[in-house]
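What follows is a single structure, written as structure tokens, with notes after it.
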Amino acid sequence: MRGRRRAKQSFDPASLPRNGDGVETRHEYEGQMIAKAPQEGISLGEDQVVYFDGDWTLPQLSALERRLADFAWPTSPELIWDLGGIRAIDTGGAWLLQRTLDALQQKGRRVALRRLSPAQAELMQMVARSGSAIQLPASAPRMSGLERIGRLVWREGTELRDALAFLGESVMRFFFTVAHPRTLRGRALLKRVELDGFNALPIIGLLLFLVGTVIAYQGAEQLRALGANIYVVDLVGISLLREVAPLITAIVIAGRSGAAYTAEIGTMKVTEELDAMRTIGLSPMELLVIPRIAALVIALPLLTVFGDLIGVFGGMLVSYGQLGIRFDEFISRFREAIALRHYLIGIGKAPVFAIIIALVGCYQGFQVRGSVESVGRNTTTSVVQAIFLVIVFDALFSILLSWWKL
């Protein structure tokens with residue numbers, strides 16, 4: 001409960017909207033102790049006064065119209081509207097108020113307006129004069145929960161169908177390229193290897209060096225307490241070669257190259273270059289998708305090997321600085337403790353991750369729908385989906401290799 005003082009109106013009564021005998025404007029209203037609902041838009045006070053708050057502008061029009069449709073009006077024949085809480089109002093908001101006012105009057109209700117500013121009064125009067133020729137578009141009917149679920153299932157099913165169709169077309173084109181190697185665009189392939197592989201060396205090297213030092217530093221703190229300093233070599237070697245280096249490399253490439261694939265192909269679709277290719281008989285799948293998949297399948301394992309070397313070197317430096325393990329001791333222990341299978345498992349994951357990143361990036365590029373905004377949206381989706389799938393497949397690899405005791 002809170003008090004509200006008497007409100008005075010300073011505008012000319014003749015300027016107030018009058019669309020029937022039931023409209024009445026009061027210049028002064030004796031306030032009472034009221035309590036308002038916290039929601040903006042429209043609310044009913046305990047004094048049975050209808051309060052209008054917030055912005056009554058075009059962006060909020062649909063929500064306000066729904067609130068008016070659901071609003072429980074007082075049962076008294078005379079209503080009081082308090083418009084003093086309205087922060088902003090445009091023609092759409094004024095029209096919505098006027099239409100509600102007309103509807104109440106047609107039902108025999110009398111409406112008194114209070115705390116209406118001169119600007120609001122002038123706007124409503126203008127809308128009332130031209131209102132017969134303006135009709136607000138009908139609001140979209142509300143969807144039931146079952147309908148929403150149905151639409152969601154339909155949308156996800158359609159997207160899954162498109163993704164499977166793209167995957168099938170890519171596989172068929174891949175086998176066609178294997179059977180006809182001359183169709184592979186060698187120059188485009190080498191260019192993509194340079195962009196996606198060689199140019200990514202600095203960021204991959206820096207990240208894996210830092211990760212290697214962090215693993216070694218954290219392991220050194222624990223192993224030194226146990227008197228097992230030399231086992232830091234096992235920790236750094238197995239974790240980096242088997243899991244961390246392939247995963248970090250794939251995530252970086254998904255954010256770097258996967259996003260670039262989507263943006264490039266999506267922009268070409270917006271500018272209708274893809275349609276031009278098809279018109280002159282060129283296959284976008286052959287020209288754009290296959291070279292990118294092949295380039296990543298080549299580049300990602302090489303980047304993983306590079307990341308392995310840099311990461312282990314970072315761990316070696318920290319082991320020397322924190323635990324006093326010399327480089328020759330580190331290398332000797334590395335040869336004894338790190339089995340070749342850990343290295344091969346890490347390298348074996350890289351081509352799988354490369355295919356996932358390239359397919360997702362190219363697929364999202366083809367899903368762009370005619371606007372720059374769609375390019376940005378699909379690029380974000382591409383990165384998120386690629387990283388998600390890479391982590392899922394990495395988890396599947398771990399489970400399968402654990403079953404096979406590798």
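Letters A, B, ... go to the chains of the structure tokens in the order shown; residues in each chain start at 1; ligands are counted from 1 in the same order.
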Within 12 Å of region 261-284 of chain A, which residues of region 342-374 of chain A come that close, and what is the closest atom pair and distance in Å for each? Count only C-alpha atoms and give it as a Markdown table.
| residue | atom | partner | partner_atom | distance |
| --- | --- | --- | --- | --- |
| A:Ile357 | CA | A:Tyr261 | CA | 9.4 |
| A:Ala358 | CA | A:Tyr261 | CA | 7.5 |
| A:Leu359 | CA | A:Tyr261 | CA | 9.4 |
| A:Val360 | CA | A:Thr262 | CA | 8.3 |
| A:Gly361 | CA | A:Thr262 | CA | 4.9 |
| A:Cys362 | CA | A:Thr262 | CA | 5.6 |
| A:Tyr363 | CA | A:Thr262 | CA | 7.5 |
| A:Gln364 | CA | A:Thr262 | CA | 5.7 |
| A:Gly365 | CA | A:Thr262 | CA | 3.9 |
| A:Phe366 | CA | A:Gly266 | CA | 6.1 |
| A:Gln367 | CA | A:Gly266 | CA | 7.5 |
| A:Val368 | CA | A:Gly266 | CA | 5.3 |
| A:Arg369 | CA | A:Val270 | CA | 7.3 |
| A:Gly370 | CA | A:Val270 | CA | 4.9 |
| A:Ser371 | CA | A:Val270 | CA | 6.2 |
| A:Val372 | CA | A:Val270 | CA | 7.4 |
| A:Glu373 | CA | A:Val270 | CA | 10.4 |
| A:Ser374 | CA | A:Gly266 | CA | 8.2 |
Pull C-alpha atoms from the residues just selected and write them as an mmCIF file, in the first residue's frame.
data_model
loop_
_atom_site.group_PDB
_atom_site.id
_atom_site.type_symbol
_atom_site.label_atom_id
_atom_site.label_comp_id
_atom_site.auth_asym_id
_atom_site.auth_seq_id
_atom_site.Cartn_x
_atom_site.Cartn_y
_atom_site.Cartn_z
ATOM 1 C CA ILE A 357 34.445 -29.437 -38.505
ATOM 2 C CA ALA A 358 34.499 -29.156 -42.295
ATOM 3 C CA LEU A 359 31.076 -30.752 -42.786
ATOM 4 C CA VAL A 360 29.408 -28.620 -40.118
ATOM 5 C CA GLY A 361 31.031 -25.428 -41.390
ATOM 6 C CA CYS A 362 30.075 -26.033 -45.016
ATOM 7 C CA TYR A 363 26.564 -27.254 -44.138
ATOM 8 C CA GLN A 364 25.776 -24.155 -42.090
ATOM 9 C CA GLY A 365 27.075 -22.018 -44.931
ATOM 10 C CA PHE A 366 24.562 -23.600 -47.314
ATOM 11 C CA GLN A 367 21.809 -23.025 -44.731
ATOM 12 C CA VAL A 368 22.193 -19.223 -44.850
ATOM 13 C CA ARG A 369 18.929 -17.625 -45.922
ATOM 14 C CA GLY A 370 19.410 -14.423 -47.887
ATOM 15 C CA SER A 371 20.609 -11.870 -45.320
ATOM 16 C CA VAL A 372 23.804 -10.754 -43.627
ATOM 17 C CA GLU A 373 22.164 -11.394 -40.260
ATOM 18 C CA SER A 374 21.654 -15.006 -41.257
#
- Item | Residue contacts of region 68-84 of chain A (7 Å, only C-alpha atoms) excluding same-chain residues fewer than 6 positions away, as number ranges by chain | A: 48-52, 109-116
- Message: DSSP on the backbone: which residues in region 93-127 of chain A end up as helix (DSSP H, G or I)? Give the answer as an MDAnalysis selection string.
- Response: chainID A and resid 93:106 118:127
Contacts between region 156-172 of chain A and region 287-314 of chain A, please, where a residue of region 287-314 of chain A counts if it comes within 12 Å (with only C-alpha atoms); show its shortest atom pair and distance in Å to one decimal, rows by chain and ascending number, as a Markdown table.
| residue | atom | partner | partner_atom | distance |
| --- | --- | --- | --- | --- |
| A:Leu287 | CA | A:Ser170 | CA | 11.8 |
| A:Leu288 | CA | A:Ser170 | CA | 10.9 |
| A:Val289 | CA | A:Ser170 | CA | 7.7 |
| A:Ile290 | CA | A:Ser170 | CA | 7.5 |
| A:Pro291 | CA | A:Ser170 | CA | 11.3 |
| A:Arg292 | CA | A:Ser170 | CA | 11.5 |
| A:Ile293 | CA | A:Ser170 | CA | 9.5 |
| A:Ala294 | CA | A:Ser170 | CA | 11.7 |
- Item | Shell of 12 Å around Val384 (chain A), only C-alpha atoms, local chain residues under 2 positions omitted, as a ChimeraX atom specification | /A:251-252,254-256,258-259,357,360-361,364,377-382,386-391
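You can rank A:Ser332, A:Thr177, A:Ser398, A:Asn199 by their closest distance to Ile345 (chain A) using only C-alpha atoms, and at the top of that list sits A:Ser398.
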- Write out as a ChimeraX atom specification each polymer residue whose atoms come within 9 Å of region 217-223 of chain A, counting only C-alpha atoms; drop sequence neighbours fewer than 4 positions from it. /A:212-213,227-232,235-236,315,318-319,322-323
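Assigned to strand (DSSP E) in region 82-200 of chain A, given DSSP computed from backbone atoms, are A:Asp82, A:Leu83, A:Gly84, A:Gly85, A:Ile86, A:Arg87, A:Ala88, A:Ile89, A:Arg110, A:Val111, A:Ala112, A:Leu113, A:Arg114.
Using only C-alpha atoms, the smallest distance between any of A:Met316, A:Leu241, A:Ala339, A:Ile356 and Thr304 (chain A) comes from A:Leu241.
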- Item | 9 Å contact set for Gly237 (chain A), only C-alpha atoms, chain neighbours under 5 positions out, as a count of residues only | 11
- Message: Report, in Å to a single decimal, how far apart CA of Leu317 (chain A) and CA of Gly205 (chain A) are.
- Response: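 If I compute the distance from CA of Gly205 (chain A) to CA of Leu317 (chain A), I get 14.9 Å.
From CA of Glu286 (chain A) back to CA of Val178 (chain A), the distance works out to 11.9 Å.
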